[in-house]
file run11.cif (mmCIF, C-alpha atoms)
data_target
loop_
_atom_site.group_PDB
_atom_site.id
_atom_site.type_symbol
_atom_site.label_atom_id
_atom_site.label_comp_id
_atom_site.auth_asym_id
_atom_site.auth_seq_id
_atom_site.Cartn_x
_atom_site.Cartn_y
_atom_site.Cartn_z
ATOM 1 C CA MET A 217 93.839 159.575 97.519
ATOM 2 C CA GLY A 218 90.783 157.594 96.338
ATOM 3 C CA VAL A 219 92.863 155.519 93.917
ATOM 4 C CA TYR A 220 95.494 154.919 96.588
ATOM 5 C CA GLU A 221 92.874 153.727 99.084
ATOM 6 C CA GLU A 222 91.350 151.378 96.500
ATOM 7 C CA LYS A 223 94.761 149.897 95.713
ATOM 8 C CA LYS A 224 95.469 149.524 99.404
ATOM 9 C CA GLU A 225 92.154 147.698 99.961
ATOM 10 C CA ALA A 226 92.738 145.452 96.936
ATOM 11 C CA CYS A 227 96.233 144.593 98.202
ATOM 12 C CA GLY A 228 94.817 143.773 101.630
ATOM 13 C CA THR A 229 92.215 141.479 100.066
ATOM 14 C CA VAL A 230 94.868 139.628 98.048
ATOM 15 C CA CYS A 231 97.027 139.174 101.160
ATOM 16 C CA LEU A 232 94.035 137.842 103.073
ATOM 17 C CA LYS A 233 93.229 135.450 100.221
ATOM 18 C CA TYR A 234 96.685 133.920 100.222
ATOM 19 C CA LEU A 235 96.844 133.780 104.025
ATOM 20 C CA LEU A 236 93.495 131.994 104.114
ATOM 21 C CA PHE A 237 94.577 129.649 101.316
ATOM 22 C CA ALA A 238 97.775 128.752 103.213
ATOM 23 C CA PHE A 239 95.712 128.216 106.356
ATOM 24 C CA ASN A 240 93.273 125.958 104.488
ATOM 25 C CA PHE A 241 96.078 123.806 103.110
ATOM 26 C CA LEU A 242 97.535 123.331 106.599
ATOM 27 C CA PHE A 243 94.020 122.839 107.933
ATOM 28 C CA TRP A 244 93.393 120.095 105.378
ATOM 29 C CA LEU A 245 96.589 118.313 106.468
ATOM 30 C CA ALA A 246 95.575 118.718 110.115
ATOM 31 C CA GLY A 247 92.230 117.112 109.296
ATOM 32 C CA GLY A 248 94.075 114.064 108.016
ATOM 33 C CA VAL A 249 96.081 113.889 111.248
ATOM 34 C CA VAL A 250 92.949 114.227 113.405
ATOM 35 C CA MET A 251 91.139 111.499 111.480
ATOM 36 C CA ALA A 252 94.228 109.246 111.574
ATOM 37 C CA VAL A 253 94.469 109.546 115.387
ATOM 38 C CA GLY A 254 90.785 108.647 115.736
ATOM 39 C CA VAL A 255 90.955 105.701 113.315
ATOM 40 C CA TRP A 256 94.180 104.417 114.899
ATOM 41 C CA THR A 257 92.574 104.507 118.352
ATOM 42 C CA LEU A 258 89.503 102.592 117.153
ATOM 43 C CA VAL A 259 91.282 100.034 114.955
ATOM 44 C CA GLU A 260 94.531 99.301 116.781
ATOM 45 C CA LYS A 261 93.196 99.597 120.311
ATOM 46 C CA SER A 262 89.642 98.307 119.854
ATOM 47 C CA ASP A 263 90.416 95.220 121.975
ATOM 48 C CA TYR A 264 91.125 97.347 125.018
ATOM 49 C CA ILE A 265 88.013 99.465 124.430
ATOM 50 C CA SER A 266 85.921 96.290 124.904
ATOM 51 C CA LEU A 267 87.291 95.977 128.450
ATOM 52 C CA LEU A 268 85.845 99.361 129.445
ATOM 53 C CA SER A 269 82.248 99.683 130.632
ATOM 54 C CA SER A 270 82.027 103.347 129.658
ATOM 55 C CA LYS A 271 81.850 104.329 125.984
ATOM 56 C CA THR A 272 83.381 107.780 126.546
ATOM 57 C CA TYR A 273 86.848 106.722 125.347
ATOM 58 C CA ALA A 274 85.438 105.301 122.104
ATOM 59 C CA ALA A 275 83.094 108.298 121.705
ATOM 60 C CA SER A 276 86.056 110.703 121.847
ATOM 61 C CA ALA A 277 87.788 108.744 119.083
ATOM 62 C CA TYR A 278 84.632 108.628 116.917
ATOM 63 C CA ILE A 279 84.213 112.390 117.286
ATOM 64 C CA LEU A 280 87.798 112.874 116.110
ATOM 65 C CA VAL A 281 87.185 110.686 113.032
ATOM 66 C CA VAL A 282 84.032 112.631 112.103
ATOM 67 C CA ALA A 283 85.680 115.981 112.807
ATOM 68 C CA GLY A 284 88.773 115.016 110.774
ATOM 69 C CA ALA A 285 86.658 114.009 107.767
ATOM 70 C CA ILE A 286 84.690 117.268 107.931
ATOM 71 C CA VAL A 287 87.936 119.220 108.310
ATOM 72 C CA MET A 288 89.314 117.763 105.064
ATOM 73 C CA VAL A 289 86.117 118.586 103.162
ATOM 74 C CA THR A 290 86.011 122.034 104.755
ATOM 75 C CA GLY A 291 89.639 122.715 103.828
ATOM 76 C CA ALA A 292 88.858 122.013 100.165
ATOM 77 C CA LEU A 293 85.718 124.197 100.357
ATOM 78 C CA GLY A 294 87.743 126.962 101.996
ATOM 79 C CA CYS A 295 90.256 126.999 99.128
ATOM 80 C CA CYS A 296 87.396 127.164 96.619
ATOM 81 C CA ALA A 297 85.623 129.959 98.510
ATOM 82 C CA THR A 298 88.857 131.924 98.857
ATOM 83 C CA PHE A 299 89.774 131.893 95.166
ATOM 84 C CA LYS A 300 86.249 132.428 93.873
ATOM 85 C CA GLU A 301 85.759 135.271 96.376
ATOM 86 C CA GLN A 302 82.131 134.304 96.932
ATOM 87 C CA ARG A 303 80.648 135.568 100.176
ATOM 88 C CA ARG A 304 78.029 132.811 100.236
ATOM 89 C CA LEU A 305 80.729 130.122 100.174
ATOM 90 C CA LEU A 306 82.661 131.989 102.837
ATOM 91 C CA ARG A 307 79.560 131.994 105.058
ATOM 92 C CA VAL A 308 79.160 128.218 104.622
ATOM 93 C CA TYR A 309 82.875 127.777 105.289
ATOM 94 C CA PHE A 310 82.680 129.837 108.489
ATOM 95 C CA VAL A 311 79.684 127.835 109.783
ATOM 96 C CA LEU A 312 81.520 124.552 109.080
ATOM 97 C CA LEU A 313 84.603 125.844 110.892
ATOM 98 C CA LEU A 314 82.431 126.720 113.869
ATOM 99 C CA CYS A 315 80.812 123.242 113.891
ATOM 100 C CA ILE A 316 84.211 121.520 113.734
ATOM 101 C CA PHE A 317 85.492 123.810 116.470
ATOM 102 C CA LEU A 318 82.638 122.725 118.749
ATOM 103 C CA LEU A 319 83.112 119.026 117.850
ATOM 104 C CA GLU A 320 86.801 119.086 118.695
ATOM 105 C CA ILE A 321 86.261 121.012 121.919
ATOM 106 C CA LEU A 322 83.658 118.368 122.832
ATOM 107 C CA SER A 323 86.161 115.604 122.088
ATOM 108 C CA GLY A 324 88.761 117.288 124.288
ATOM 109 C CA VAL A 325 86.258 117.801 127.125
ATOM 110 C CA LEU A 326 85.083 114.152 126.950
ATOM 111 C CA ALA A 327 88.694 112.977 127.053
ATOM 112 C CA TYR A 328 89.374 115.188 130.093
ATOM 113 C CA ILE A 329 86.221 114.016 131.932
ATOM 114 C CA TYR A 330 87.043 110.363 131.286
ATOM 115 C CA TYR A 331 90.631 111.036 132.367
ATOM 116 C CA GLN A 332 89.253 111.882 135.824
ATOM 117 C CA GLN A 333 86.941 108.834 136.000
ATOM 118 C CA LEU A 334 89.209 106.168 134.547
ATOM 119 C CA ASN A 335 90.894 104.878 137.714
ATOM 120 C CA GLU A 336 87.603 104.335 139.529
ATOM 121 C CA GLU A 337 86.020 102.606 136.513
ATOM 122 C CA LEU A 338 88.915 100.193 136.109
ATOM 123 C CA LYS A 339 88.872 99.310 139.822
ATOM 124 C CA GLN A 340 85.142 98.601 139.712
ATOM 125 C CA ASN A 341 84.863 96.762 136.403
ATOM 126 C CA LEU A 342 88.105 95.231 135.120
ATOM 127 C CA ARG A 343 88.362 92.507 137.772
ATOM 128 C CA GLU A 344 84.741 91.462 137.287
ATOM 129 C CA THR A 345 85.122 91.469 133.501
ATOM 130 C CA MET A 346 88.217 89.274 133.626
ATOM 131 C CA THR A 347 86.914 86.763 136.160
ATOM 132 C CA GLN A 348 83.295 86.503 134.979
ATOM 133 C CA LYS A 349 83.583 86.805 131.188
ATOM 134 C CA TYR A 350 86.956 85.253 130.299
ATOM 135 C CA GLN A 351 86.611 82.102 128.138
ATOM 136 C CA GLN A 352 82.812 82.344 128.147
ATOM 137 C CA SER A 353 81.141 81.447 124.837
ATOM 138 C CA THR A 354 79.175 84.709 124.657
ATOM 139 C CA HIS A 355 82.232 86.887 125.339
ATOM 140 C CA GLU A 356 84.896 85.708 122.884
ATOM 141 C CA HIS A 357 86.023 89.283 122.202
ATOM 142 C CA ILE A 358 86.665 89.760 125.939
ATOM 143 C CA THR A 359 88.822 86.617 126.008
ATOM 144 C CA GLY A 360 90.928 87.899 123.116
ATOM 145 C CA ALA A 361 91.232 91.343 124.709
ATOM 146 C CA VAL A 362 92.335 89.927 128.085
ATOM 147 C CA ASP A 363 94.913 87.614 126.486
ATOM 148 C CA LYS A 364 96.286 90.496 124.399
ATOM 149 C CA LEU A 365 96.382 92.746 127.468
ATOM 150 C CA GLN A 366 98.341 90.237 129.567
ATOM 151 C CA GLU A 367 100.742 89.316 126.770
ATOM 152 C CA GLU A 368 101.505 92.860 125.594
ATOM 153 C CA PHE A 369 101.761 94.466 129.026
ATOM 154 C CA LYS A 370 103.398 91.456 130.679
ATOM 155 C CA CYS A 371 100.935 91.356 133.558
ATOM 156 C CA CYS A 372 98.596 88.795 135.113
ATOM 157 C CA GLY A 373 95.192 89.465 136.649
ATOM 158 C CA SER A 374 93.413 92.706 137.383
ATOM 159 C CA ASN A 375 95.240 93.576 140.615
ATOM 160 C CA SER A 376 97.393 90.454 140.873
ATOM 161 C CA SER A 377 97.567 86.872 139.579
ATOM 162 C CA SER A 378 95.576 85.694 142.619
ATOM 163 C CA ASP A 379 92.469 87.376 141.110
ATOM 164 C CA TRP A 380 92.181 84.432 138.730
ATOM 165 C CA ALA A 381 91.280 82.136 141.642
ATOM 166 C CA GLU A 382 87.782 83.671 141.449
ATOM 167 C CA SER A 383 87.468 83.091 137.699
ATOM 168 C CA VAL A 384 84.423 81.146 136.504
ATOM 169 C CA TRP A 385 86.593 79.485 133.859
ATOM 170 C CA ILE A 386 89.518 78.631 136.176
ATOM 171 C CA ARG A 387 87.081 76.866 138.516
ATOM 172 C CA SER A 388 85.605 74.836 135.687
ATOM 173 C CA ARG A 389 86.889 71.572 134.156
ATOM 174 C CA GLU A 390 87.594 73.408 130.902
ATOM 175 C CA ALA A 391 90.624 75.067 132.547
ATOM 176 C CA GLN A 392 92.311 71.621 132.730
ATOM 177 C CA GLY A 393 94.019 72.361 136.016
ATOM 178 C CA ARG A 394 95.245 75.841 135.120
ATOM 179 C CA VAL A 395 95.466 78.354 137.967
ATOM 180 C CA VAL A 396 95.928 81.278 135.557
ATOM 181 C CA PRO A 397 95.385 81.676 131.788
ATOM 182 C CA ASP A 398 98.303 80.698 129.554
ATOM 183 C CA SER A 399 98.613 84.353 128.493
ATOM 184 C CA CYS A 400 100.066 85.073 131.960
ATOM 185 C CA CYS A 401 103.124 82.950 131.178
ATOM 186 C CA LYS A 402 106.515 84.431 130.376
ATOM 187 C CA SER A 403 107.032 81.665 127.806
ATOM 188 C CA LEU A 404 103.652 80.923 126.258
ATOM 189 C CA THR A 405 103.010 77.192 125.825
ATOM 190 C CA GLU A 406 99.933 74.975 126.081
ATOM 191 C CA LEU A 407 98.876 74.461 129.735
ATOM 192 C CA CYS A 408 101.733 76.610 131.050
ATOM 193 C CA GLY A 409 99.133 78.310 133.264
ATOM 194 C CA ARG A 410 99.149 75.331 135.638
ATOM 195 C CA ARG A 411 102.114 76.856 137.495
ATOM 196 C CA ASP A 412 101.757 80.322 139.036
ATOM 197 C CA HIS A 413 105.322 80.555 140.342
ATOM 198 C CA PRO A 414 107.012 83.952 139.672
ATOM 199 C CA SER A 415 109.573 82.189 137.491
ATOM 200 C CA ASN A 416 106.759 81.082 135.177
ATOM 201 C CA ILE A 417 104.205 83.918 135.138
ATOM 202 C CA TYR A 418 104.271 87.710 135.304
ATOM 203 C CA LYS A 419 103.974 89.090 138.824
ATOM 204 C CA VAL A 420 103.567 92.833 138.356
ATOM 205 C CA GLU A 421 102.838 95.168 141.244
ATOM 206 C CA GLY A 422 99.388 96.675 140.698
ATOM 207 C CA GLY A 423 98.477 94.056 138.098
ATOM 208 C CA CYS A 424 97.042 94.862 134.690
ATOM 209 C CA ILE A 425 94.995 97.778 136.040
ATOM 210 C CA THR A 426 98.034 100.031 136.410
ATOM 211 C CA LYS A 427 99.340 99.077 132.955
ATOM 212 C CA LEU A 428 96.002 99.588 131.186
ATOM 213 C CA GLU A 429 95.315 102.806 133.069
ATOM 214 C CA LYS A 430 98.660 104.319 132.033
ATOM 215 C CA PHE A 431 98.106 103.227 128.428
ATOM 216 C CA ILE A 432 94.615 104.759 128.193
ATOM 217 C CA LEU A 433 95.628 107.940 130.025
ATOM 218 C CA ASP A 434 98.460 108.484 127.545
ATOM 219 C CA HIS A 435 96.019 108.086 124.643
ATOM 220 C CA LEU A 436 93.432 110.332 126.260
ATOM 221 C CA LYS A 437 96.109 113.028 126.495
ATOM 222 C CA ILE A 438 96.785 112.626 122.764
ATOM 223 C CA ILE A 439 93.062 112.731 121.882
ATOM 224 C CA GLY A 440 92.475 115.762 124.098
ATOM 225 C CA ALA A 441 95.570 117.631 122.925
ATOM 226 C CA VAL A 442 94.849 117.009 119.237
ATOM 227 C CA GLY A 443 91.195 118.017 119.572
ATOM 228 C CA VAL A 444 91.760 121.196 121.578
ATOM 229 C CA GLY A 445 94.951 122.124 119.668
ATOM 230 C CA ILE A 446 93.314 121.965 116.238
ATOM 231 C CA ALA A 447 90.253 123.778 117.613
ATOM 232 C CA CYS A 448 92.418 126.671 118.796
ATOM 233 C CA VAL A 449 94.107 126.921 115.383
ATOM 234 C CA GLN A 450 90.644 127.130 113.810
ATOM 235 C CA VAL A 451 90.022 130.403 115.621
ATOM 236 C CA ILE A 452 92.724 131.930 113.390
ATOM 237 C CA GLY A 453 90.920 130.574 110.329
ATOM 238 C CA MET A 454 87.622 132.071 111.473
ATOM 239 C CA VAL A 455 89.283 135.450 112.010
ATOM 240 C CA PHE A 456 90.833 135.345 108.491
ATOM 241 C CA THR A 457 87.447 134.335 107.045
ATOM 242 C CA CYS A 458 85.655 137.245 108.746
ATOM 243 C CA CYS A 459 88.309 139.709 107.550
ATOM 244 C CA LEU A 460 88.116 138.458 103.947
ATOM 245 C CA TYR A 461 84.309 138.463 104.074
ATOM 246 C CA ARG A 462 84.285 142.096 105.217
ATOM 247 C CA SER A 463 86.788 143.184 102.584
ATOM 248 C CA LEU A 464 84.771 141.462 99.825
ATOM 249 C CA LYS A 465 81.598 143.090 101.101
ATOM 250 C CA ALA A 466 83.218 146.459 100.943
ATOM 251 C CA GLU A 467 84.342 146.046 97.314
ATOM 252 C CA PRO A 468 82.001 147.202 94.502
ATOM 253 C CA TYR A 469 80.659 144.580 92.069
#

call {"tool": "encode", "arguments": {"input": "run11.cif", "output": "structure tokens"}}
result
Amino acid sequence: MGVYEEKKEACGTVCLKYLLFAFNFLFWLAGGVVMAVGVWTLVEKSDYISLLSSKTYAASAYILVVAGAIVMVTGALGCCATFKEQRRLLRVYFVLLLCIFLLEILSGVLAYIYYQQLNEELKQNLRETMTQKYQQSTHEHITGAVDKLQEEFKCCGSNSSSDWAESVWIRSREAQGRVVPDSCCKSLTELCGRRDHPSNIYKVEGGCITKLEKFILDHLKIIGAVGVGIACVQVIGMVFTCCLYRSLKAEPY
């Protein structure tokens, strides 16, 4: 019976090792996905981030990048700890898993909180940003972001094209008679913003606010889902790690 029990325990340890190794490989791939989502949000959509007064959206993406990088390192460490069967490495691996778990839960929570606040923030700040900072020498990045926003989403103004009547730039001589920026035009040409007729510029119900809000909400859902989803999968990894740790502790040296 003693020999049978020993064989049974050894078989269980081997099964746990390979399960944990398979988990770590998938975990490593997931880390790459998490980091890619964060980097993509920061690089591809950085222009739109500059239009937001709150840094929560960017913070969620940064957390994903950091968590993804740690995940990839942790996945490699987990494979090493699993094959070497060292309890010390397994302890370090478990602590790292726990830290990543908390980071990704935090990212998901931040995304959810900002999801609730986004509409109010856009209403309060986007119009002011567009009218007060567009084409101002100290806010060149805002000018580029607004032009990109209007061109890509085919919209004009925060709530409507009439918002541009309050623009500091539109009221100045530098506008050269424009009533809206050229980026509002359906066919972009120099000084096309002098005509604000619907045949010439985009007249979208709700303006750019509704377009930008939908865009950011969709990305917040992705950030939140990725963060919380990977975090939940990590619970399985922590359970496997604890089981392997206990089985190694029970085995004689």

call {"tool": "residues_around", "arguments": {"input": "run11.cif", "residues": "Phe239 of chain A", "least_positions_apart": "6", "cutoff": "9 Å", "atoms": "only C-alpha atoms", "output": "number ranges by chain"}}
result
A: 291, 452-453, 456

call {"tool": "resolve_selection", "arguments": {"input": "run11.cif", "expression": "the PyMOL selection byres ((chain A and resi 363) around 12)", "output": "VMD selection string"}}
result
chain A and resid 263 to 264 267 346 350 to 351 356 to 362 364 to 373 396 to 401 404 424

call {"tool": "resolve_selection", "arguments": {"input": "run11.cif", "expression": "the PyMOL selection byres ((chain A and resi 319) around 10)", "output": "VMD selection string"}}
result
chain A and resid 276 279 to 280 282 to 284 313 to 318 320 to 325 443 to 444 447

call {"tool": "write_last_selection", "arguments": {"input": "run11.cif", "atoms": "C-alpha atoms", "output": "PDB file, in the coordinates of the input"}}
result
ATOM      1  CA  SER A 276      86.056 110.703 121.847  1.00  0.00           C
ATOM      2  CA  ILE A 279      84.213 112.390 117.286  1.00  0.00           C
ATOM      3  CA  LEU A 280      87.798 112.874 116.110  1.00  0.00           C
ATOM      4  CA  VAL A 282      84.032 112.631 112.103  1.00  0.00           C
ATOM      5  CA  ALA A 283      85.680 115.981 112.807  1.00  0.00           C
ATOM      6  CA  GLY A 284      88.773 115.016 110.774  1.00  0.00           C
ATOM      7  CA  LEU A 313      84.603 125.844 110.892  1.00  0.00           C
ATOM      8  CA  LEU A 314      82.431 126.720 113.869  1.00  0.00           C
ATOM      9  CA  CYS A 315      80.812 123.242 113.891  1.00  0.00           C
ATOM     10  CA  ILE A 316      84.211 121.520 113.734  1.00  0.00           C
ATOM     11  CA  PHE A 317      85.492 123.810 116.470  1.00  0.00           C
ATOM     12  CA  LEU A 318      82.638 122.725 118.749  1.00  0.00           C
ATOM     13  CA  GLU A 320      86.801 119.086 118.695  1.00  0.00           C
ATOM     14  CA  ILE A 321      86.261 121.012 121.919  1.00  0.00           C
ATOM     15  CA  LEU A 322      83.658 118.368 122.832  1.00  0.00           C
ATOM     16  CA  SER A 323      86.161 115.604 122.088  1.00  0.00           C
ATOM     17  CA  GLY A 324      88.761 117.288 124.288  1.00  0.00           C
ATOM     18  CA  VAL A 325      86.258 117.801 127.125  1.00  0.00           C
ATOM     19  CA  GLY A 443      91.195 118.017 119.572  1.00  0.00           C
ATOM     20  CA  VAL A 444      91.760 121.196 121.578  1.00  0.00           C
ATOM     21  CA  ALA A 447      90.253 123.778 117.613  1.00  0.00           C
TER      22      ALA A 447
END

call {"tool": "atom_distance", "arguments": {"input": "run11.cif", "atom1": "atom CA of Met454 of chain A", "atom2": "atom CA of Leu436 of chain A"}}
result
26.9 Å

call {"tool": "closest_residue", "arguments": {"input": "run11.cif", "among": "A:Gly247, A:Arg307, A:Leu342, A:Leu326", "to": "Ser266 of chain A", "atoms": "only C-alpha atoms"}}
result
A:Leu342

call {"tool": "atom_distance", "arguments": {"input": "run11.cif", "atom1": "atom CA of Gly423 of chain A", "atom2": "atom CA of His355 of chain A"}}
result
21.9 Å

call {"tool": "atom_distance", "arguments": {"input": "run11.cif", "atom1": "atom CA of Ser403 of chain A", "atom2": "atom CA of Ile432 of chain A"}}
result
26.2 Å

call {"tool": "closest_residue", "arguments": {"input": "run11.cif", "among": "A:Leu306, A:Val420, A:Met251, A:Leu338", "to": "Leu268 of chain A", "atoms": "only C-alpha atoms"}}
result
A:Leu338
